[in-house]
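Everything below concerns the one structure shown next.
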Amino acid sequence: MYIQKNSITNGYNEYIALESPAGRLALMDVGLLVLDPGKSYSFLESSKEIAVLLIDGEATYQWDQNSVTAQRDNPFDDNPWCIHAQKGQEIKITAIAHSEFFIQMTKNDVAFGTKLYSPQDTHTQRAGANGELQGMMRRNIRTVFDYSSAPYSNMVLGEVVNFPGCWSSYPPHHHPQPEVYFYRFDKPQGFGAGFTDGRIYELRHNGMLLITDKFHSQAAAPGYPMYYAWGIRHLDGNPWKKTRIDDVEHTWLLEDNPDIWEEKI
């Protein structure tokens, strides 16, 4: 399922609500928070943990007696700031400059406190940098938190910067845990293609792809780097532990020096 919002307003823009048909597939709430300078927004969820990831801008995170200012020029060059809080924790966000945030929430009764992740806390994997698959797999994979670092959470949260003209989530793979991708391009006319549910979706700025348990992969158009925040919801008794089930038709691509056609001059 693909959701595109061409009109984004100041405040909370809902993409998926847990109680909706899409939410029953994703098992999460997903949204985009947009704040103009001087505007504030507060979250207080009685039954859900929440992650608020700064995509770009400058803003202050406030919780309990804590106040931290976060600044991020853009999601292509800079690692994120993200606050992750248990249910019942009030979080207030106040924009200093125009700021936009990816929001992810799900039910969780575990008490784990509140953690603010700074850019230095994010692990980045520079995948495809050695020329794999003729250099068409270049992407930076950032993990904010996952099962290994936050086993108390019911969610995983990270980012990918998909290099122009390259692929990610490739070869096609699937996992039983639901996942969402929220897309941004460095230019609003940028686009890409997403493959899941046996369909092809045109990916655009501020679009979101909901992936259930089907094979998925995607590509960015040449000239347009594609950023996406990715969030996975653990299943009860079956958390996502970086496992993926590759499409056997394409696993030969993972061999050392696969026999890929090259032009003969």
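Lettering and numbering for the structure tokens are positional, with chains as A, B, ... in the shown order, residues counted from 1 in each chain, and ligands counted from 1 in the shown order.
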
*asked:* I need the alpha helix (DSSP H) residues of region 49-228 of chain A per DSSP on the backbone, written as a PyMOL selection string.
replied: chain A and resi 132-135

Any chance you could export the current selection's N, CA and C atoms as a CSV table (one decimal), in the first residue's frame?
chain,number,residue,atom,x,y,z
A,132,GLU,N,29.7,-3.3,-5.6
A,132,GLU,CA,28.9,-4.5,-5.8
A,132,GLU,C,27.8,-4.3,-6.9
A,133,LEU,N,27.5,-5.3,-7.6
A,133,LEU,CA,26.5,-5.3,-8.7
A,133,LEU,C,26.7,-4.0,-9.6
A,134,GLN,N,27.9,-3.9,-10.1
A,134,GLN,CA,28.3,-2.8,-11.0
A,134,GLN,C,28.1,-1.4,-10.4
A,135,GLY,N,28.2,-1.3,-9.1
A,135,GLY,CA,28.0,0.0,-8.4
A,135,GLY,C,26.6,0.5,-8.3

Contacts of region 7-13 of chain A within 7 Å, only C-alpha atoms, excl. fewer than 2 positions in-chain, as a PDB file with N, CA and C atoms, in the first residue's frame:
ATOM      1  N   LYS A   5       0.856  12.171   0.175  1.00  0.00           N
ATOM      2  CA  LYS A   5       0.234  13.418   0.619  1.00  0.00           C
ATOM      3  C   LYS A   5       0.897  14.569  -0.125  1.00  0.00           C
ATOM      4  N   TYR A  15      -0.489   9.686   8.620  1.00  0.00           N
ATOM      5  CA  TYR A  15      -0.412   8.781   7.480  1.00  0.00           C
ATOM      6  C   TYR A  15      -1.121   7.467   7.801  1.00  0.00           C
ATOM      7  N   GLY A  31       3.274   9.232  11.170  1.00  0.00           N
ATOM      8  CA  GLY A  31       2.891  10.568  10.755  1.00  0.00           C
ATOM      9  C   GLY A  31       4.091  11.463  10.516  1.00  0.00           C
ATOM     10  N   LEU A  32       3.788  12.657  10.017  1.00  0.00           N
ATOM     11  CA  LEU A  32       4.789  13.690   9.777  1.00  0.00           C
ATOM     12  C   LEU A  32       4.386  14.917  10.581  1.00  0.00           C
ATOM     13  N   LEU A  33       5.268  15.378  11.462  1.00  0.00           N
ATOM     14  CA  LEU A  33       5.032  16.584  12.236  1.00  0.00           C
ATOM     15  C   LEU A  33       5.782  17.735  11.583  1.00  0.00           C
ATOM     16  N   VAL A  34       5.050  18.813  11.273  1.00  0.00           N
ATOM     17  CA  VAL A  34       5.630  19.998  10.647  1.00  0.00           C
ATOM     18  C   VAL A  34       5.398  21.182  11.582  1.00  0.00           C
ATOM     19  N   LEU A  35       6.476  21.892  11.907  1.00  0.00           N
ATOM     20  CA  LEU A  35       6.378  23.036  12.811  1.00  0.00           C
ATOM     21  C   LEU A  35       7.090  24.243  12.218  1.00  0.00           C
ATOM     22  N   ASP A  36       6.382  25.364  12.155  1.00  0.00           N
ATOM     23  CA  ASP A  36       7.002  26.630  11.771  1.00  0.00           C
ATOM     24  C   ASP A  36       7.717  27.221  12.980  1.00  0.00           C
TER      25      ASP A  36
END

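For region 218-226 of chain A, the residues within 9 Å (counting only C-alpha atoms, excluding itself and residues fewer than 5 positions away along the chain) are A:Phe76, A:Val160, A:Val161, A:Asn162, A:Phe163, A:Pro164, A:Gly165, A:Cys166, A:Trp167, A:Ser168, A:Ser169, A:Tyr170, A:Pro172, A:Tyr183, A:Arg184, A:Phe185, A:Asp186, A:Lys187, A:Gln189, A:Gly190, A:Phe191, A:Gly192, A:Ala193, A:Gly194, A:Phe195, A:Thr196, A:Leu203, A:His205.
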
Go ahead and dump the residues you just picked, N, CA and C atoms, as a PDB file, in the first residue's frame.
ATOM      1  N   PHE A  76      20.207  13.965   3.998  1.00  0.00           N
ATOM      2  CA  PHE A  76      21.117  13.276   3.089  1.00  0.00           C
ATOM      3  C   PHE A  76      22.554  13.288   3.615  1.00  0.00           C
ATOM      4  N   VAL A 160      17.660   5.295   5.319  1.00  0.00           N
ATOM      5  CA  VAL A 160      18.504   4.927   4.186  1.00  0.00           C
ATOM      6  C   VAL A 160      18.632   6.143   3.279  1.00  0.00           C
ATOM      7  N   VAL A 161      19.847   6.393   2.799  1.00  0.00           N
ATOM      8  CA  VAL A 161      20.063   7.340   1.713  1.00  0.00           C
ATOM      9  C   VAL A 161      20.403   6.510   0.484  1.00  0.00           C
ATOM     10  N   ASN A 162      19.455   6.465  -0.446  1.00  0.00           N
ATOM     11  CA  ASN A 162      19.563   5.688  -1.673  1.00  0.00           C
ATOM     12  C   ASN A 162      20.226   6.580  -2.727  1.00  0.00           C
ATOM     13  N   PHE A 163      21.425   6.208  -3.190  1.00  0.00           N
ATOM     14  CA  PHE A 163      22.148   7.052  -4.139  1.00  0.00           C
ATOM     15  C   PHE A 163      21.392   7.153  -5.464  1.00  0.00           C
ATOM     16  N   PRO A 164      21.543   8.265  -6.193  1.00  0.00           N
ATOM     17  CA  PRO A 164      20.804   8.442  -7.448  1.00  0.00           C
ATOM     18  C   PRO A 164      21.054   7.302  -8.425  1.00  0.00           C
ATOM     19  N   GLY A 165      19.966   6.803  -9.008  1.00  0.00           N
ATOM     20  CA  GLY A 165      20.062   5.743  -9.999  1.00  0.00           C
ATOM     21  C   GLY A 165      20.354   4.370  -9.430  1.00  0.00           C
ATOM     22  N   CYS A 166      20.424   4.247  -8.114  1.00  0.00           N
ATOM     23  CA  CYS A 166      20.781   2.980  -7.479  1.00  0.00           C
ATOM     24  C   CYS A 166      19.571   2.329  -6.810  1.00  0.00           C
ATOM     25  N   TRP A 167      19.777   1.108  -6.364  1.00  0.00           N
ATOM     26  CA  TRP A 167      18.729   0.310  -5.741  1.00  0.00           C
ATOM     27  C   TRP A 167      19.034   0.102  -4.256  1.00  0.00           C
ATOM     28  N   SER A 168      17.976  -0.176  -3.502  1.00  0.00           N
ATOM     29  CA  SER A 168      18.122  -0.601  -2.110  1.00  0.00           C
ATOM     30  C   SER A 168      17.058  -1.655  -1.820  1.00  0.00           C
ATOM     31  N   SER A 169      17.127  -2.237  -0.621  1.00  0.00           N
ATOM     32  CA  SER A 169      16.254  -3.384  -0.293  1.00  0.00           C
ATOM     33  C   SER A 169      16.359  -4.432  -1.394  1.00  0.00           C
ATOM     34  N   TYR A 170      17.579  -4.676  -1.822  1.00  0.00           N
ATOM     35  CA  TYR A 170      17.815  -5.517  -2.997  1.00  0.00           C
ATOM     36  C   TYR A 170      18.958  -6.483  -2.708  1.00  0.00           C
ATOM     37  N   PRO A 172      15.428  -8.526  -3.954  1.00  0.00           N
ATOM     38  CA  PRO A 172      14.120  -8.534  -3.290  1.00  0.00           C
ATOM     39  C   PRO A 172      14.092  -9.521  -2.126  1.00  0.00           C
ATOM     40  N   TYR A 183       9.388   8.696   2.391  1.00  0.00           N
ATOM     41  CA  TYR A 183      10.351   9.167   1.393  1.00  0.00           C
ATOM     42  C   TYR A 183      10.498  10.682   1.350  1.00  0.00           C
ATOM     43  N   ARG A 184      11.745  11.111   1.129  1.00  0.00           N
ATOM     44  CA  ARG A 184      12.055  12.507   0.812  1.00  0.00           C
ATOM     45  C   ARG A 184      13.103  12.512  -0.309  1.00  0.00           C
ATOM     46  N   PHE A 185      13.052  13.527  -1.140  1.00  0.00           N
ATOM     47  CA  PHE A 185      14.044  13.728  -2.200  1.00  0.00           C
ATOM     48  C   PHE A 185      14.698  15.090  -2.002  1.00  0.00           C
ATOM     49  N   ASP A 186      15.924  15.240  -2.502  1.00  0.00           N
ATOM     50  CA  ASP A 186      16.602  16.521  -2.309  1.00  0.00           C
ATOM     51  C   ASP A 186      15.951  17.627  -3.123  1.00  0.00           C
ATOM     52  N   LYS A 187      15.217  17.249  -4.163  1.00  0.00           N
ATOM     53  CA  LYS A 187      14.411  18.182  -4.940  1.00  0.00           C
ATOM     54  C   LYS A 187      12.990  17.618  -4.983  1.00  0.00           C
ATOM     55  N   GLN A 189      10.695  17.431  -7.037  1.00  0.00           N
ATOM     56  CA  GLN A 189      10.258  16.711  -8.236  1.00  0.00           C
ATOM     57  C   GLN A 189      10.929  15.350  -8.376  1.00  0.00           C
ATOM     58  N   GLY A 190      11.802  14.997  -7.437  1.00  0.00           N
ATOM     59  CA  GLY A 190      12.468  13.703  -7.482  1.00  0.00           C
ATOM     60  C   GLY A 190      11.483  12.547  -7.390  1.00  0.00           C
ATOM     61  N   PHE A 191      11.901  11.383  -7.866  1.00  0.00           N
ATOM     62  CA  PHE A 191      11.015  10.229  -7.838  1.00  0.00           C
ATOM     63  C   PHE A 191      11.818   8.938  -7.893  1.00  0.00           C
ATOM     64  N   GLY A 192      11.131   7.860  -7.588  1.00  0.00           N
ATOM     65  CA  GLY A 192      11.729   6.536  -7.647  1.00  0.00           C
ATOM     66  C   GLY A 192      10.637   5.518  -7.894  1.00  0.00           C
ATOM     67  N   ALA A 193      10.987   4.250  -7.761  1.00  0.00           N
ATOM     68  CA  ALA A 193      10.027   3.167  -7.966  1.00  0.00           C
ATOM     69  C   ALA A 193      10.152   2.167  -6.825  1.00  0.00           C
ATOM     70  N   GLY A 194       9.001   1.774  -6.267  1.00  0.00           N
ATOM     71  CA  GLY A 194       8.966   0.797  -5.194  1.00  0.00           C
ATOM     72  C   GLY A 194       8.196  -0.444  -5.615  1.00  0.00           C
ATOM     73  N   PHE A 195       8.745  -1.608  -5.293  1.00  0.00           N
ATOM     74  CA  PHE A 195       8.148  -2.881  -5.687  1.00  0.00           C
ATOM     75  C   PHE A 195       7.722  -3.634  -4.429  1.00  0.00           C
ATOM     76  N   THR A 196       6.451  -3.909  -4.286  1.00  0.00           N
ATOM     77  CA  THR A 196       5.957  -4.742  -3.193  1.00  0.00           C
ATOM     78  C   THR A 196       4.529  -5.162  -3.505  1.00  0.00           C
ATOM     79  N   LEU A 203       7.292   6.423  -6.391  1.00  0.00           N
ATOM     80  CA  LEU A 203       7.631   7.012  -5.104  1.00  0.00           C
ATOM     81  C   LEU A 203       7.899   8.495  -5.281  1.00  0.00           C
ATOM     82  N   HIS A 205       8.073  12.640  -3.178  1.00  0.00           N
ATOM     83  CA  HIS A 205       8.359  13.416  -1.978  1.00  0.00           C
ATOM     84  C   HIS A 205       7.161  13.353  -1.029  1.00  0.00           C
TER      85      HIS A 205
END

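Atom pair CA of Val180 (chain A) / CA of Val30 (chain A): separated by 8.4 Å.
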
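CA of Ile96 (chain A) is found 19.9 Å from CA of Asp64 (chain A).
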
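Of note, CA of Ala17 (chain A) and CA of Asp29 (chain A) are spaced 4.6 Å apart.
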
Which of region 13-170 of chain A counts as strand (DSSP E) under DSSP, as a PDB file with C-alpha atoms, in the first residue's frame please?
ATOM      1  CA  ASN A  13      -0.072  14.996   9.451  1.00  0.00           C
ATOM      2  CA  GLU A  14      -1.434  11.482   9.951  1.00  0.00           C
ATOM      3  CA  TYR A  15      -0.412   8.781   7.480  1.00  0.00           C
ATOM      4  CA  ILE A  16      -1.469   5.685   9.403  1.00  0.00           C
ATOM      5  CA  ASP A  29       0.783   4.953  13.981  1.00  0.00           C
ATOM      6  CA  VAL A  30       2.887   6.846  11.447  1.00  0.00           C
ATOM      7  CA  GLY A  31       2.891  10.568  10.755  1.00  0.00           C
ATOM      8  CA  LEU A  32       4.789  13.690   9.777  1.00  0.00           C
ATOM      9  CA  LEU A  33       5.032  16.584  12.236  1.00  0.00           C
ATOM     10  CA  VAL A  34       5.630  19.998  10.647  1.00  0.00           C
ATOM     11  CA  LEU A  35       6.378  23.036  12.811  1.00  0.00           C
ATOM     12  CA  SER A  40       5.136  23.803  19.644  1.00  0.00           C
ATOM     13  CA  TYR A  41       3.514  20.391  19.702  1.00  0.00           C
ATOM     14  CA  SER A  42       3.185  17.915  22.591  1.00  0.00           C
ATOM     15  CA  PHE A  43       2.760  14.146  22.630  1.00  0.00           C
ATOM     16  CA  LYS A  48       2.031   3.697  23.149  1.00  0.00           C
ATOM     17  CA  GLU A  49       5.762   4.167  22.935  1.00  0.00           C
ATOM     18  CA  ILE A  50       6.783   6.943  20.555  1.00  0.00           C
ATOM     19  CA  ALA A  51       9.784   7.924  18.432  1.00  0.00           C
ATOM     20  CA  VAL A  52      10.140  11.489  17.109  1.00  0.00           C
ATOM     21  CA  LEU A  53      12.924  11.715  14.501  1.00  0.00           C
ATOM     22  CA  LEU A  54      14.103  15.095  13.200  1.00  0.00           C
ATOM     23  CA  ILE A  55      14.228  15.007   9.388  1.00  0.00           C
ATOM     24  CA  ASP A  56      15.431  18.584   9.024  1.00  0.00           C
ATOM     25  CA  GLY A  57      15.310  21.895  10.848  1.00  0.00           C
ATOM     26  CA  GLU A  58      16.163  23.103  14.346  1.00  0.00           C
ATOM     27  CA  ALA A  59      14.009  22.463  17.389  1.00  0.00           C
ATOM     28  CA  THR A  60      14.017  21.824  21.117  1.00  0.00           C
ATOM     29  CA  TYR A  61      13.033  18.490  22.659  1.00  0.00           C
ATOM     30  CA  GLN A  62      11.622  18.812  26.185  1.00  0.00           C
ATOM     31  CA  TRP A  63      10.716  16.002  28.586  1.00  0.00           C
ATOM     32  CA  ASN A  66      15.288  18.048  30.270  1.00  0.00           C
ATOM     33  CA  SER A  67      15.655  20.373  27.299  1.00  0.00           C
ATOM     34  CA  VAL A  68      17.922  19.678  24.308  1.00  0.00           C
ATOM     35  CA  THR A  69      18.193  21.637  21.083  1.00  0.00           C
ATOM     36  CA  ALA A  70      18.630  19.561  17.924  1.00  0.00           C
ATOM     37  CA  GLN A  71      19.693  20.860  14.512  1.00  0.00           C
ATOM     38  CA  ARG A  72      19.876  19.073  11.179  1.00  0.00           C
ATOM     39  CA  CYS A  82      15.554  11.170  17.680  1.00  0.00           C
ATOM     40  CA  ILE A  83      13.741  10.930  21.005  1.00  0.00           C
ATOM     41  CA  HIS A  84      12.282   7.556  22.019  1.00  0.00           C
ATOM     42  CA  ALA A  85       9.916   7.424  24.976  1.00  0.00           C
ATOM     43  CA  ILE A  91       7.301  15.146  24.999  1.00  0.00           C
ATOM     44  CA  LYS A  92       7.144  18.751  23.848  1.00  0.00           C
ATOM     45  CA  ILE A  93       8.704  19.868  20.582  1.00  0.00           C
ATOM     46  CA  THR A  94       9.306  23.566  19.877  1.00  0.00           C
ATOM     47  CA  ALA A  95      10.632  24.715  16.517  1.00  0.00           C
ATOM     48  CA  SER A  99      11.299  21.706  11.257  1.00  0.00           C
ATOM     49  CA  GLU A 100       9.863  18.383  10.132  1.00  0.00           C
ATOM     50  CA  PHE A 101       9.774  15.100  12.055  1.00  0.00           C
ATOM     51  CA  PHE A 102       8.977  11.473  11.264  1.00  0.00           C
ATOM     52  CA  ILE A 103       6.670  10.067  13.955  1.00  0.00           C
ATOM     53  CA  GLN A 104       6.235   6.389  14.809  1.00  0.00           C
ATOM     54  CA  MET A 105       4.153   4.935  17.668  1.00  0.00           C
ATOM     55  CA  THR A 106       2.932   1.526  18.783  1.00  0.00           C
ATOM     56  CA  LYS A 107       1.481  -0.122  21.852  1.00  0.00           C
ATOM     57  CA  THR A 114      13.265   8.102  27.664  1.00  0.00           C
ATOM     58  CA  LYS A 115      16.354   8.146  25.453  1.00  0.00           C
ATOM     59  CA  LEU A 116      17.508  10.950  23.174  1.00  0.00           C
ATOM     60  CA  TYR A 117      19.641   9.729  20.284  1.00  0.00           C
ATOM     61  CA  HIS A 123      25.321   3.537  13.299  1.00  0.00           C
ATOM     62  CA  THR A 124      25.903   4.041   9.569  1.00  0.00           C
ATOM     63  CA  GLN A 125      26.696   1.242   7.130  1.00  0.00           C
ATOM     64  CA  ARG A 126      28.025   2.436   3.775  1.00  0.00           C
ATOM     65  CA  ALA A 127      26.648  -0.412   1.714  1.00  0.00           C
ATOM     66  CA  ARG A 139      23.314   3.426  -0.168  1.00  0.00           C
ATOM     67  CA  ASN A 140      23.949   4.531   3.386  1.00  0.00           C
ATOM     68  CA  ILE A 141      22.008   2.548   5.974  1.00  0.00           C
ATOM     69  CA  ARG A 142      21.548   4.230   9.338  1.00  0.00           C
ATOM     70  CA  THR A 143      20.158   2.455  12.383  1.00  0.00           C
ATOM     71  CA  VAL A 144      18.846   4.576  15.243  1.00  0.00           C
ATOM     72  CA  PHE A 145      17.633   1.681  17.403  1.00  0.00           C
ATOM     73  CA  MET A 155       9.773  -1.008  17.081  1.00  0.00           C
ATOM     74  CA  VAL A 156      12.882  -0.571  14.948  1.00  0.00           C
ATOM     75  CA  LEU A 157      13.800   2.778  13.408  1.00  0.00           C
ATOM     76  CA  GLY A 158      16.424   3.774  10.875  1.00  0.00           C
ATOM     77  CA  GLU A 159      17.110   5.631   7.641  1.00  0.00           C
ATOM     78  CA  VAL A 160      18.504   4.927   4.186  1.00  0.00           C
ATOM     79  CA  VAL A 161      20.063   7.340   1.713  1.00  0.00           C
ATOM     80  CA  ASN A 162      19.563   5.688  -1.673  1.00  0.00           C
ATOM     81  CA  TRP A 167      18.729   0.310  -5.741  1.00  0.00           C
ATOM     82  CA  SER A 168      18.122  -0.601  -2.110  1.00  0.00           C
ATOM     83  CA  SER A 169      16.254  -3.384  -0.293  1.00  0.00           C
ATOM     84  CA  TYR A 170      17.815  -5.517  -2.997  1.00  0.00           C
TER      85      TYR A 170
END

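Closest approach to Pro21 (chain A) among A:Thr122, A:Met136, A:Lys264, A:Leu210: A:Leu210, based on only C-alpha atoms.
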
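With distances restricted to only C-alpha atoms, A:Trp240 is the closest residue to Ser148 (chain A) from A:Trp240, A:Leu254, A:His175, A:His216.
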
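Distance check against Lys87 (chain A) using only C-alpha atoms: of A:Ser153, A:Ser217, A:Asn130, A:Ser118, the minimum falls on A:Ser153.
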
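The closest residue to Ile211 (chain A), picked from A:Ile3, A:Leu235, A:Leu18, A:Ala26 and counting only C-alpha atoms, is A:Ala26.
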
Across A:Thr251, A:Gln4, A:Gln86, A:Asn238, the smallest distance to Tyr147 (chain A), with only C-alpha atoms counted, is shown by A:Asn238

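The smallest atom-to-atom distance between Trp230 (chain A) and any of A:Asn74, A:Asp146, A:Gly23, A:Glu179, using only C-alpha atoms, is found for A:Glu179.
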